[in-house]
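First comes the structure, then the notes that go with it.
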Number of protein chains: 2
Amino acid sequence: MATPPTTVQRLIDAYEDILLTDGERAATLDAIAMRAGVSKGGLTYHFKSKDELAAALFDRLRLLVDEDVAIMRADPATAATYYVTSSLDVRSPLERCNVAVTRLAQGSHPEANELLAQCRTRWFEVLMEAMGHEDMVHLVMLLGDGIYFNASLTGTGAMPAETDPATIDRIIALVGTIRY
Amino acid sequence: MATPPTTVQRLIDAYEDILLTDGERAATLDAIAMRAGVSKGGLTYHFKSKDELAAALFDRLRLLVDEDVAIMRADPATAATYYVTSSLDVRSPLERCNVAVTRLAQGSHPEANELLAQCRTRWFEVLMEAMGHEDMVHLVMLLGDGIYFNASLTGTGAMPAETDPATIDRIIALVGTIRY
DNA sequence: GTCACTATACCGACCAGTCGGTTTTCTGAA
DNA sequence: TTCAGAAAACCGACTGGTCGGTATAGTGAC
């Protein structure tokens, strides 16, 4: 049986959640605490500042990317397909955390920018190992970014057709016909 | 010779600029006025509220997309290539405005979300006319979004290899080999 | 006179962070 | 097993500062 999430986990979840759905501006300490079911004092007990909370979010992303890269390295044959399709699953812990950190990066948070660059480098490396063709790796990563970008824009707007799983499958098939 | 920009233009430019480089949070009325070289009173003389300023930015995007779609419609043969490569030019008025509005959309600004969805629909339509294959259009648009997403992340971080023009040309060539 | 501002002062709302105090949980001796 | 005391977890009022917006007196060009 899974142990219930700790308050610290719930606070990071709440921060992530608000960044995702309402953006950086809405992610106030009060809002985060309320979403986590804690008072503001409860929040500041665990995180002395908002930066500390952000740092915890960054650590979470680092861990999730470690796991993701390990999965891709374990099965190089499906690594590219896995990379593209997993960009679609906006509800996965990795994608959620990724989008949340991206929101912070767009608010000119230098550490978030640096972290995202590191993550991209790691994905590039493991895709290079799996595919062996630099331009194809770039193509796959751009597709993943495009899907991810579309998915992250669905705050209030309608879901664009590009992010329909069946469409993505056909696009992957099209890309699969490229000889390189 | 070009007429010097009006104060109204400079104010919209400044808003766009700050959204691009420093994010939504940094785009305060004081900061916008200062960047435009106007006093705060001068700003509020032209725009009664921040929402009015945003509306002006939305109007600008609508105009720029009109022009862009017209260019693509004028030469269907190169429409897809044009769409992908122009996503690269982060300094073009269209891309700048597009990124700026995207920043607002991520701050849960419903009108910005709706506008972006409309723009995407228009691009989809003109690409469909030019290419005639829905999945290929989706592929092209995802590539454009990926490039655009990467480009918009280069606030403080290093420029990713994906956005190198020569790489993009080779990727376009790869996609050009797909038979559909 | 009016247009297009400048300069400055101000208000109320909101927000990050602090602090004194309270409740809950753990620990170990009787 | 009980219970005192310590430590951890948490509460919520408060502070200082920022931001959007309002108001107002004044200035130079046409």
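Following the order of the structure tokens, first chain is A, next is B, and so on, with residues numbered from 1 inside each chain and ligands from 1 in the order they appear.
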Non-local contacts of Asp30 (chain A) (9 Å; only C-alpha atoms (C1' of nucleotides); under 6 positions in same chain excluded) as a short mmCIF file (atom, residue, chain, number, x, y, z; two decimals) with N, CA and C atoms (P, O5', C5', C4', C3', O3' and C1' of nucleotides), in the first residue's frame:
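around09.cif written:
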```cif
data_model
loop_
_atom_site.label_atom_id
_atom_site.label_comp_id
_atom_site.auth_asym_id
_atom_site.auth_seq_id
_atom_site.Cartn_x
_atom_site.Cartn_y
_atom_site.Cartn_z
N SER A 39 -1.46 25.79 5.98
CA SER A 39 -1.45 27.24 6.13
C SER A 39 -0.14 27.78 5.58
N LYS A 40 -0.10 29.11 5.43
CA LYS A 40 1.11 29.73 4.92
C LYS A 40 2.29 29.45 5.86
N LEU A 43 3.73 26.15 5.23
CA LEU A 43 4.60 26.16 4.05
C LEU A 43 5.99 26.66 4.42
P DC C 15 -1.79 37.90 -4.79
"O5'" DC C 15 -0.23 37.79 -4.55
"C5'" DC C 15 0.67 38.77 -5.07
"C4'" DC C 15 1.91 38.81 -4.22
"C3'" DC C 15 2.19 37.51 -3.46
"O3'" DC C 15 3.51 37.08 -3.73
"C1'" DC C 15 2.31 39.37 -2.00
#
```
Item to check | Residues near DC11 (chain D), cut-off 10 Å, only C-alpha atoms (C1' of nucleotides), skip fewer than 2 positions along chain, as a list in words | outcome: Val38, Ser39, Lys40, Gly41 and Gly42 of chain A; DG21, DT22 and DT23 of chain C; DA9 and DA13 of chain D
Find the residues of chain A that sit at most 9 Å from chain C; for each, write down the nearest two atoms and how far apart they are in Å, to one decimal. Count only C-alpha atoms (C1' of nucleotides). Sort by chain, then by number going up, and give it as CSV.
```
residue,atom,partner,partner_atom,distance
A:Thr28,CA,C:DC15,C1',7.1
A:Leu29,CA,C:DA16,C1',7.5
A:Asp30,CA,C:DC15,C1',8.6
A:Thr44,CA,C:DG17,C1',8.5
A:Lys48,CA,C:DG17,C1',8.3
A:Ser49,CA,C:DG17,C1',7.4
A:Lys50,CA,C:DA16,C1',8.0
```
Please produce a file of those selected residues containing C-alpha atoms, as a JSON list (two decimals), in the first residue's frame.
```json
[["chain", "number", "residue", "atom", "x", "y", "z"],
["A", 28, "THR", "CA", 1.64, 32.78, -4.63],
["A", 29, "LEU", "CA", 2.66, 31.35, -1.28],
["A", 30, "ASP", "CA", -0.94, 31.60, -0.07],
["A", 44, "THR", "CA", 7.33, 28.43, 5.34],
["A", 48, "LYS", "CA", 12.12, 29.20, 4.03],
["A", 49, "SER", "CA", 11.61, 31.00, 0.74],
["A", 50, "LYS", "CA", 9.98, 30.63, -2.63]]
```
Provide as a PDB file with N, CA and C atoms, in the first residue's frame the residues of chain A at most 7 Å from chain B, counting only C-alpha atoms.
```
ATOM      1  N   ASP A  22      -2.356  27.730 -13.906  1.00  0.00           N
ATOM      2  CA  ASP A  22      -2.645  29.162 -13.797  1.00  0.00           C
ATOM      3  C   ASP A  22      -1.441  30.064 -14.026  1.00  0.00           C
ATOM      4  N   GLY A  23      -0.250  29.473 -14.237  1.00  0.00           N
ATOM      5  CA  GLY A  23       0.925  30.278 -14.524  1.00  0.00           C
ATOM      6  C   GLY A  23       1.674  30.744 -13.288  1.00  0.00           C
ATOM      7  N   GLU A  24       2.830  31.356 -13.562  1.00  0.00           N
ATOM      8  CA  GLU A  24       3.736  31.742 -12.484  1.00  0.00           C
ATOM      9  C   GLU A  24       3.108  32.778 -11.556  1.00  0.00           C
ATOM     10  N   ARG A  25       2.396  33.699 -12.157  1.00  0.00           N
ATOM     11  CA  ARG A  25       1.854  34.802 -11.361  1.00  0.00           C
ATOM     12  C   ARG A  25       0.885  34.337 -10.306  1.00  0.00           C
ATOM     13  N   GLN A 106      10.455  30.853 -18.219  1.00  0.00           N
ATOM     14  CA  GLN A 106       9.964  31.974 -19.018  1.00  0.00           C
ATOM     15  C   GLN A 106       9.797  33.222 -18.190  1.00  0.00           C
ATOM     16  N   GLY A 107       9.825  33.092 -16.877  1.00  0.00           N
ATOM     17  CA  GLY A 107       9.817  34.244 -16.018  1.00  0.00           C
ATOM     18  C   GLY A 107      11.231  34.684 -15.685  1.00  0.00           C
ATOM     19  N   SER A 108      12.141  34.375 -16.588  1.00  0.00           N
ATOM     20  CA  SER A 108      13.565  34.738 -16.468  1.00  0.00           C
ATOM     21  C   SER A 108      14.152  34.241 -15.152  1.00  0.00           C
ATOM     22  N   PRO A 110      17.016  32.128 -14.054  1.00  0.00           N
ATOM     23  CA  PRO A 110      18.226  31.590 -14.689  1.00  0.00           C
ATOM     24  C   PRO A 110      18.449  30.116 -14.390  1.00  0.00           C
ATOM     25  N   ASN A 113      16.316  27.865 -16.502  1.00  0.00           N
ATOM     26  CA  ASN A 113      16.815  27.813 -17.872  1.00  0.00           C
ATOM     27  C   ASN A 113      17.985  26.853 -17.994  1.00  0.00           C
ATOM     28  N   GLU A 114      18.905  26.963 -17.064  1.00  0.00           N
ATOM     29  CA  GLU A 114      20.093  26.107 -17.083  1.00  0.00           C
ATOM     30  C   GLU A 114      19.699  24.642 -16.943  1.00  0.00           C
ATOM     31  N   ALA A 117      18.195  23.263 -20.085  1.00  0.00           N
ATOM     32  CA  ALA A 117      19.247  23.015 -21.084  1.00  0.00           C
ATOM     33  C   ALA A 117      19.956  21.698 -20.788  1.00  0.00           C
ATOM     34  N   ASP A 135      20.847  14.637 -37.367  1.00  0.00           N
ATOM     35  CA  ASP A 135      19.702  15.396 -37.867  1.00  0.00           C
ATOM     36  C   ASP A 135      18.384  14.711 -37.515  1.00  0.00           C
ATOM     37  N   HIS A 138      17.603  15.529 -33.999  1.00  0.00           N
ATOM     38  CA  HIS A 138      17.041  16.883 -33.915  1.00  0.00           C
ATOM     39  C   HIS A 138      15.582  16.881 -34.352  1.00  0.00           C
ATOM     40  N   LEU A 139      15.303  16.165 -35.419  1.00  0.00           N
ATOM     41  CA  LEU A 139      13.928  16.084 -35.930  1.00  0.00           C
ATOM     42  C   LEU A 139      12.993  15.519 -34.867  1.00  0.00           C
ATOM     43  N   LEU A 142      12.553  17.980 -32.013  1.00  0.00           N
ATOM     44  CA  LEU A 142      11.683  19.106 -32.386  1.00  0.00           C
ATOM     45  C   LEU A 142      10.227  18.677 -32.385  1.00  0.00           C
ATOM     46  N   LEU A 143       9.968  17.464 -32.873  1.00  0.00           N
ATOM     47  CA  LEU A 143       8.598  16.948 -32.842  1.00  0.00           C
ATOM     48  C   LEU A 143       8.097  16.863 -31.403  1.00  0.00           C
ATOM     49  N   ASP A 145       9.144  18.521 -28.845  1.00  0.00           N
ATOM     50  CA  ASP A 145       8.940  19.879 -28.337  1.00  0.00           C
ATOM     51  C   ASP A 145       7.643  20.476 -28.856  1.00  0.00           C
ATOM     52  N   GLY A 146       7.364  20.243 -30.124  1.00  0.00           N
ATOM     53  CA  GLY A 146       6.145  20.778 -30.718  1.00  0.00           C
ATOM     54  C   GLY A 146       4.908  20.220 -30.040  1.00  0.00           C
ATOM     55  N   ILE A 147       4.914  18.914 -29.837  1.00  0.00           N
ATOM     56  CA  ILE A 147       3.782  18.266 -29.170  1.00  0.00           C
ATOM     57  C   ILE A 147       3.612  18.814 -27.766  1.00  0.00           C
ATOM     58  N   PHE A 149       4.749  21.619 -26.610  1.00  0.00           N
ATOM     59  CA  PHE A 149       4.353  23.022 -26.642  1.00  0.00           C
ATOM     60  C   PHE A 149       2.844  23.149 -26.821  1.00  0.00           C
ATOM     61  N   LEU A 153      -0.153  24.466 -24.019  1.00  0.00           N
ATOM     62  CA  LEU A 153      -0.975  25.647 -24.296  1.00  0.00           C
ATOM     63  C   LEU A 153      -2.446  25.409 -24.003  1.00  0.00           C
ATOM     64  N   GLY A 155      -4.404  25.474 -21.669  1.00  0.00           N
ATOM     65  CA  GLY A 155      -4.867  25.918 -20.372  1.00  0.00           C
ATOM     66  C   GLY A 155      -6.373  26.109 -20.394  1.00  0.00           C
ATOM     67  N   THR A 156      -6.795  27.035 -21.230  1.00  0.00           N
ATOM     68  CA  THR A 156      -8.229  27.268 -21.352  1.00  0.00           C
ATOM     69  C   THR A 156      -8.712  26.933 -22.767  1.00  0.00           C
ATOM     70  N   GLY A 157      -7.805  27.042 -23.744  1.00  0.00           N
ATOM     71  CA  GLY A 157      -8.189  26.826 -25.137  1.00  0.00           C
ATOM     72  C   GLY A 157      -8.511  25.376 -25.430  1.00  0.00           C
ATOM     73  N   GLU A 162      -3.270  18.521 -33.308  1.00  0.00           N
ATOM     74  CA  GLU A 162      -1.912  17.970 -33.358  1.00  0.00           C
ATOM     75  C   GLU A 162      -1.630  17.023 -32.203  1.00  0.00           C
ATOM     76  N   THR A 167      -3.311  10.780 -34.447  1.00  0.00           N
ATOM     77  CA  THR A 167      -2.558  11.613 -35.387  1.00  0.00           C
ATOM     78  C   THR A 167      -1.061  11.473 -35.158  1.00  0.00           C
ATOM     79  N   ARG A 170       0.303   8.352 -36.640  1.00  0.00           N
ATOM     80  CA  ARG A 170       0.489   8.419 -38.094  1.00  0.00           C
ATOM     81  C   ARG A 170       1.700   9.276 -38.459  1.00  0.00           C
ATOM     82  N   ILE A 171       1.917  10.335 -37.680  1.00  0.00           N
ATOM     83  CA  ILE A 171       3.089  11.182 -37.938  1.00  0.00           C
ATOM     84  C   ILE A 171       4.373  10.402 -37.671  1.00  0.00           C
ATOM     85  N   LEU A 174       5.007   8.284 -40.578  1.00  0.00           N
ATOM     86  CA  LEU A 174       5.568   9.068 -41.685  1.00  0.00           C
ATOM     87  C   LEU A 174       7.071   9.282 -41.487  1.00  0.00           C
ATOM     88  N   THR A 177       9.360   6.415 -42.253  1.00  0.00           N
ATOM     89  CA  THR A 177       9.666   6.069 -43.653  1.00  0.00           C
ATOM     90  C   THR A 177      10.916   6.795 -44.162  1.00  0.00           C
ATOM     91  N   ILE A 178      11.417   7.738 -43.376  1.00  0.00           N
ATOM     92  CA  ILE A 178      12.618   8.460 -43.821  1.00  0.00           C
ATOM     93  C   ILE A 178      13.827   7.531 -43.790  1.00  0.00           C
TER      94      ILE A 178
END
```
Checklist entry - Among chain A, which ones does DSSP place in alpha helix (DSSP H), written as a ChimeraX atom specification? => result /A:7-22,29-36,40-46,50-74,79-86,93-106,110-131,134-152,165-176
Take the residues just selected and output them with C-alpha atoms as a CSV table (one decimal), in the first residue's frame.
```csv
chain,number,residue,atom,x,y,z
A,7,THR,CA,3.4,17.7,3.4
A,8,VAL,CA,6.6,18.5,1.6
A,9,GLN,CA,5.5,16.4,-1.4
A,10,ARG,CA,2.1,18.0,-1.3
A,11,LEU,CA,3.6,21.4,-1.3
A,12,ILE,CA,5.8,20.7,-4.4
A,13,ASP,CA,2.7,19.1,-6.1
A,14,ALA,CA,0.7,22.2,-5.4
A,15,TYR,CA,3.4,24.5,-6.7
A,16,GLU,CA,3.7,22.4,-9.9
A,17,ASP,CA,-0.1,22.3,-10.2
A,18,ILE,CA,-0.6,26.0,-10.0
A,19,LEU,CA,2.3,26.8,-12.3
A,20,LEU,CA,0.7,24.4,-14.9
A,21,THR,CA,-2.8,25.5,-14.8
A,22,ASP,CA,-2.6,29.2,-13.8
A,29,LEU,CA,2.7,31.4,-1.3
A,30,ASP,CA,-0.9,31.6,-0.1
A,31,ALA,CA,-2.3,29.8,-3.1
A,32,ILE,CA,0.3,27.1,-2.9
A,33,ALA,CA,-0.3,26.5,0.8
A,34,MET,CA,-4.1,26.4,0.3
A,35,ARG,CA,-3.8,24.0,-2.6
A,36,ALA,CA,-1.6,21.7,-0.4
A,40,LYS,CA,1.1,29.7,4.9
A,41,GLY,CA,3.1,29.2,8.1
A,42,GLY,CA,3.1,25.5,7.4
A,43,LEU,CA,4.6,26.2,4.1
A,44,THR,CA,7.3,28.4,5.3
A,45,TYR,CA,8.2,25.9,8.0
A,46,HIS,CA,9.3,23.5,5.3
A,50,LYS,CA,10.0,30.6,-2.6
A,51,ASP,CA,13.4,30.0,-4.1
A,52,GLU,CA,13.8,26.9,-1.9
A,53,LEU,CA,10.4,25.6,-3.1
A,54,ALA,CA,11.6,26.2,-6.7
A,55,ALA,CA,14.9,24.4,-5.9
A,56,ALA,CA,12.8,21.4,-4.7
A,57,LEU,CA,10.9,21.4,-8.0
A,58,PHE,CA,14.2,21.4,-9.9
A,59,ASP,CA,15.4,18.5,-7.9
A,60,ARG,CA,12.2,16.6,-8.7
A,61,LEU,CA,12.7,17.2,-12.4
A,62,ARG,CA,16.3,16.0,-12.2
A,63,LEU,CA,15.2,12.8,-10.6
A,64,LEU,CA,12.4,12.2,-13.2
A,65,VAL,CA,14.7,12.8,-16.1
A,66,ASP,CA,17.2,10.3,-14.6
A,67,GLU,CA,14.4,7.7,-14.6
A,68,ASP,CA,13.3,8.7,-18.2
A,69,VAL,CA,16.8,8.5,-19.6
A,70,ALA,CA,17.3,5.1,-18.0
A,71,ILE,CA,14.1,3.8,-19.6
A,72,MET,CA,15.2,5.0,-23.0
A,73,ARG,CA,18.7,3.6,-22.6
A,74,ALA,CA,17.2,0.2,-21.7
A,79,ALA,CA,13.7,5.1,-27.7
A,80,ALA,CA,12.7,7.6,-30.4
A,81,THR,CA,9.0,6.5,-30.5
A,82,TYR,CA,9.0,6.5,-26.7
A,83,TYR,CA,10.4,10.0,-26.6
A,84,VAL,CA,7.8,11.4,-29.0
A,85,THR,CA,4.7,9.6,-27.6
A,86,SER,CA,5.6,10.3,-23.9
A,93,PRO,CA,4.8,13.3,-13.5
A,94,LEU,CA,7.7,14.1,-15.8
A,95,GLU,CA,5.8,16.2,-18.3
A,96,ARG,CA,4.0,18.0,-15.5
A,97,CYS,CA,7.2,18.9,-13.8
A,98,ASN,CA,8.8,19.7,-17.1
A,99,VAL,CA,6.1,22.2,-18.0
A,100,ALA,CA,6.1,23.7,-14.6
A,101,VAL,CA,9.8,24.4,-14.7
A,102,THR,CA,9.4,25.8,-18.2
A,103,ARG,CA,6.9,28.3,-16.8
A,104,LEU,CA,9.5,29.4,-14.3
A,105,ALA,CA,12.2,29.6,-17.1
A,106,GLN,CA,10.0,32.0,-19.0
A,110,PRO,CA,18.2,31.6,-14.7
A,111,GLU,CA,18.5,28.3,-12.7
A,112,ALA,CA,15.4,27.0,-14.5
A,113,ASN,CA,16.8,27.8,-17.9
A,114,GLU,CA,20.1,26.1,-17.1
A,115,LEU,CA,18.3,23.0,-15.8
A,116,LEU,CA,16.2,22.7,-18.9
A,117,ALA,CA,19.2,23.0,-21.1
A,118,GLN,CA,20.9,20.2,-19.1
A,119,CYS,CA,17.8,18.0,-19.5
A,120,ARG,CA,17.8,18.6,-23.3
A,121,THR,CA,21.4,17.7,-23.5
A,122,ARG,CA,20.8,14.4,-21.7
A,123,TRP,CA,17.9,13.5,-24.0
A,124,PHE,CA,19.9,14.4,-27.0
A,125,GLU,CA,22.8,12.1,-25.9
A,126,VAL,CA,20.6,9.1,-25.3
A,127,LEU,CA,18.7,9.6,-28.6
A,128,MET,CA,22.1,9.9,-30.4
A,129,GLU,CA,23.1,6.5,-28.9
A,130,ALA,CA,19.9,5.0,-30.0
A,131,MET,CA,19.6,6.5,-33.5
A,134,GLU,CA,22.3,13.8,-35.6
A,135,ASP,CA,19.7,15.4,-37.9
A,136,MET,CA,17.2,12.7,-37.2
A,137,VAL,CA,17.6,13.2,-33.5
A,138,HIS,CA,17.0,16.9,-33.9
A,139,LEU,CA,13.9,16.1,-35.9
A,140,VAL,CA,12.6,13.8,-33.2
A,141,MET,CA,13.3,16.3,-30.5
A,142,LEU,CA,11.7,19.1,-32.4
A,143,LEU,CA,8.6,16.9,-32.8
A,144,GLY,CA,8.6,16.2,-29.1
A,145,ASP,CA,8.9,19.9,-28.3
A,146,GLY,CA,6.1,20.8,-30.7
A,147,ILE,CA,3.8,18.3,-29.2
A,148,TYR,CA,4.8,19.4,-25.7
A,149,PHE,CA,4.4,23.0,-26.6
A,150,ASN,CA,0.9,22.4,-28.0
A,151,ALA,CA,-0.1,20.4,-25.0
A,152,SER,CA,1.2,23.0,-22.6
A,165,PRO,CA,-2.7,10.3,-30.1
A,166,ALA,CA,-3.9,8.7,-33.4
A,167,THR,CA,-2.6,11.6,-35.4
A,168,ILE,CA,0.7,11.4,-33.6
A,169,ASP,CA,1.0,7.7,-34.4
A,170,ARG,CA,0.5,8.4,-38.1
A,171,ILE,CA,3.1,11.2,-37.9
A,172,ILE,CA,5.6,8.8,-36.3
A,173,ALA,CA,4.8,6.3,-39.1
A,174,LEU,CA,5.6,9.1,-41.7
A,175,VAL,CA,8.8,9.9,-40.0
A,176,GLY,CA,9.6,6.2,-39.8
```
Checklist entry - Can you tell me how far C1' of DT18 (chain D) sits from CA of Ala27 (chain B), in Å to one decimal? => result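 These two atoms are separated by 12.7 Å.
With only C-alpha atoms (C1' of nucleotides) taken into account, chain D has D:DC19, D:DG20, D:DG21 at most 9 Å from chain B.
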Next on the checklist: Using Å and a single decimal, report how far CA of Asp75 (chain A) sits from CA of Gly132 (chain A).
Outcome noted: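 Separating CA of Gly132 (chain A) from CA of Asp75 (chain A) is a distance of 14.3 Å.
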